[in-house]
Amino acid sequence: MSEYSIIYIEIERKIDFYYQMQQIEIQHELQLNMEGIITAQHRFELRHVHDISHKSFSFGGGILYLHTNQGVFSFKIQDNPTPFIHAFKTLKAENKI
């Protein structure tokens, strides 16, 4: 299996010198490989990820939910997550984890 990935967006809010709030969108990559799932902040072993689900929005994009033994982590995405989710489920089934 090759590595699969999907781009997720993190919103950073800052107050500038004039007390104006700015929102900065930062793009990161969620990577799936044989060892697990890697984000900008975390690394999850495949055996600790129970499921991945998705909630789409009518205006496009959605939220990808990573269900782990440490809780549920959410990621704002714009792309279709179906290939990423399918690759995860296939990998879990092949490894019987």
# chains A, B, ... in the order shown; residues from 1 in each chain; ligands from 1
$ residues_around --residues "stretch 64-71 of chain A" --least-positions-apart "4" --cutoff "7 Å" --atoms "only C-alpha atoms" --output "list in words"
His48, Val49, His50, Asp51, Ile52, Ser53, His54, Lys55, Phe75, Lys76 and Ile77 of chain A
$ write_last_selection --atoms "all heavy atoms" --output "compact mmCIF listing (two decimals), in the first residue's frame"
# COMPACT_ATOMS: atom_id res chain seq x y z
N HIS A 48 -4.51 2.09 17.33
CA HIS A 48 -5.20 2.99 18.25
C HIS A 48 -6.29 3.82 17.58
O HIS A 48 -6.99 4.57 18.25
CB HIS A 48 -4.19 3.92 18.93
CG HIS A 48 -3.27 3.19 19.84
ND1 HIS A 48 -2.04 3.69 20.18
CD2 HIS A 48 -3.37 1.99 20.47
CE1 HIS A 48 -1.43 2.83 20.99
NE2 HIS A 48 -2.23 1.79 21.16
N VAL A 49 -6.39 3.69 16.25
CA VAL A 49 -7.45 4.40 15.51
C VAL A 49 -8.58 3.41 15.27
O VAL A 49 -8.40 2.40 14.59
CB VAL A 49 -6.93 4.97 14.17
CG1 VAL A 49 -8.03 5.71 13.44
CG2 VAL A 49 -5.74 5.89 14.42
N HIS A 50 -9.75 3.69 15.85
CA HIS A 50 -10.87 2.76 15.75
C HIS A 50 -11.68 2.97 14.48
O HIS A 50 -12.15 2.01 13.88
CB HIS A 50 -11.79 2.91 16.97
CG HIS A 50 -11.06 2.76 18.27
ND1 HIS A 50 -10.41 1.60 18.63
CD2 HIS A 50 -10.85 3.62 19.28
CE1 HIS A 50 -9.84 1.76 19.81
NE2 HIS A 50 -10.09 2.98 20.23
N ASP A 51 -11.87 4.23 14.08
CA ASP A 51 -12.71 4.51 12.92
C ASP A 51 -12.42 5.92 12.43
O ASP A 51 -11.85 6.74 13.14
CB ASP A 51 -14.19 4.38 13.30
CG ASP A 51 -15.11 4.30 12.11
OD1 ASP A 51 -14.62 4.03 10.99
OD2 ASP A 51 -16.33 4.49 12.29
N ILE A 52 -12.84 6.18 11.18
CA ILE A 52 -12.81 7.52 10.60
C ILE A 52 -14.18 7.78 10.03
O ILE A 52 -14.73 6.94 9.32
CB ILE A 52 -11.75 7.64 9.49
CG1 ILE A 52 -10.36 7.36 10.03
CG2 ILE A 52 -11.80 9.02 8.85
CD1 ILE A 52 -9.26 7.39 8.98
N SER A 53 -14.76 8.94 10.36
CA SER A 53 -16.06 9.31 9.81
C SER A 53 -15.98 10.72 9.24
O SER A 53 -14.99 11.43 9.42
CB SER A 53 -17.16 9.20 10.87
OG SER A 53 -16.88 10.06 11.96
N HIS A 54 -17.04 11.11 8.55
CA HIS A 54 -17.04 12.39 7.83
C HIS A 54 -18.42 13.02 7.89
O HIS A 54 -19.43 12.33 7.76
CB HIS A 54 -16.64 12.13 6.37
CG HIS A 54 -16.73 13.33 5.52
ND1 HIS A 54 -17.73 13.49 4.59
CD2 HIS A 54 -15.97 14.44 5.44
CE1 HIS A 54 -17.56 14.65 3.98
NE2 HIS A 54 -16.50 15.24 4.48
N LYS A 55 -18.45 14.31 8.08
CA LYS A 55 -19.69 15.09 8.02
C LYS A 55 -19.48 16.16 6.96
O LYS A 55 -18.60 17.01 7.08
CB LYS A 55 -19.96 15.74 9.39
CG LYS A 55 -21.04 16.77 9.41
CD LYS A 55 -22.39 16.15 9.27
CE LYS A 55 -23.45 17.23 9.51
NZ LYS A 55 -24.65 17.01 8.80
N PHE A 75 -10.99 17.42 11.95
CA PHE A 75 -10.15 18.12 10.99
C PHE A 75 -11.05 18.72 9.91
O PHE A 75 -11.86 18.02 9.30
CB PHE A 75 -9.16 17.15 10.33
CG PHE A 75 -8.26 16.47 11.32
CD1 PHE A 75 -8.60 15.24 11.87
CD2 PHE A 75 -7.08 17.07 11.73
CE1 PHE A 75 -7.79 14.62 12.79
CE2 PHE A 75 -6.25 16.46 12.66
CZ PHE A 75 -6.61 15.23 13.19
N LYS A 76 -10.90 20.02 9.67
CA LYS A 76 -11.66 20.70 8.63
C LYS A 76 -11.02 20.40 7.28
O LYS A 76 -9.82 20.63 7.10
CB LYS A 76 -11.67 22.21 8.89
CG LYS A 76 -12.46 22.99 7.88
CD LYS A 76 -12.43 24.47 8.17
CE LYS A 76 -13.18 25.23 7.10
NZ LYS A 76 -13.05 26.67 7.26
N ILE A 77 -11.81 19.86 6.35
CA ILE A 77 -11.28 19.47 5.04
C ILE A 77 -12.12 20.09 3.93
O ILE A 77 -13.28 20.48 4.14
CB ILE A 77 -11.24 17.94 4.88
CG1 ILE A 77 -12.64 17.33 5.03
CG2 ILE A 77 -10.27 17.31 5.86
CD1 ILE A 77 -12.70 15.87 4.67
$ select_by_dssp --residues "stretch 11-81 of chain A" --states "strand (DSSP E or B)" --output "number ranges by chain"
A: 11-15, 21-32, 36-38, 43-45, 49-56, 62-68, 71-77
$ residues_around --residues "A:Glu45" --least-positions-apart "2" --cutoff "12 Å" --atoms "only C-alpha atoms" --output "list in words"
Gln31, Leu32, Asn33, Met34, Glu35, Gly36, Ile37, Ile38, Thr39, His42, Arg43, Arg47, His48, Val49, His50, Thr68, Asn69, Gln70, Lys92 and Ile97 of chain A
$ closest_residue --among "A:Glu3, A:Asp79, A:Glu10, A:Glu29" --to "A:Ser56" --atoms "only C-alpha atoms"
A:Asp79
$ closest_residue --among "A:Ile85, A:Ile11, A:Ile6, A:Ala93" --to "A:Gln23" --atoms "only C-alpha atoms"
A:Ile11
$ atom_distance --atom1 "atom CA of A:Gln78" --atom2 "atom CA of A:Gln27"
10.6 Å
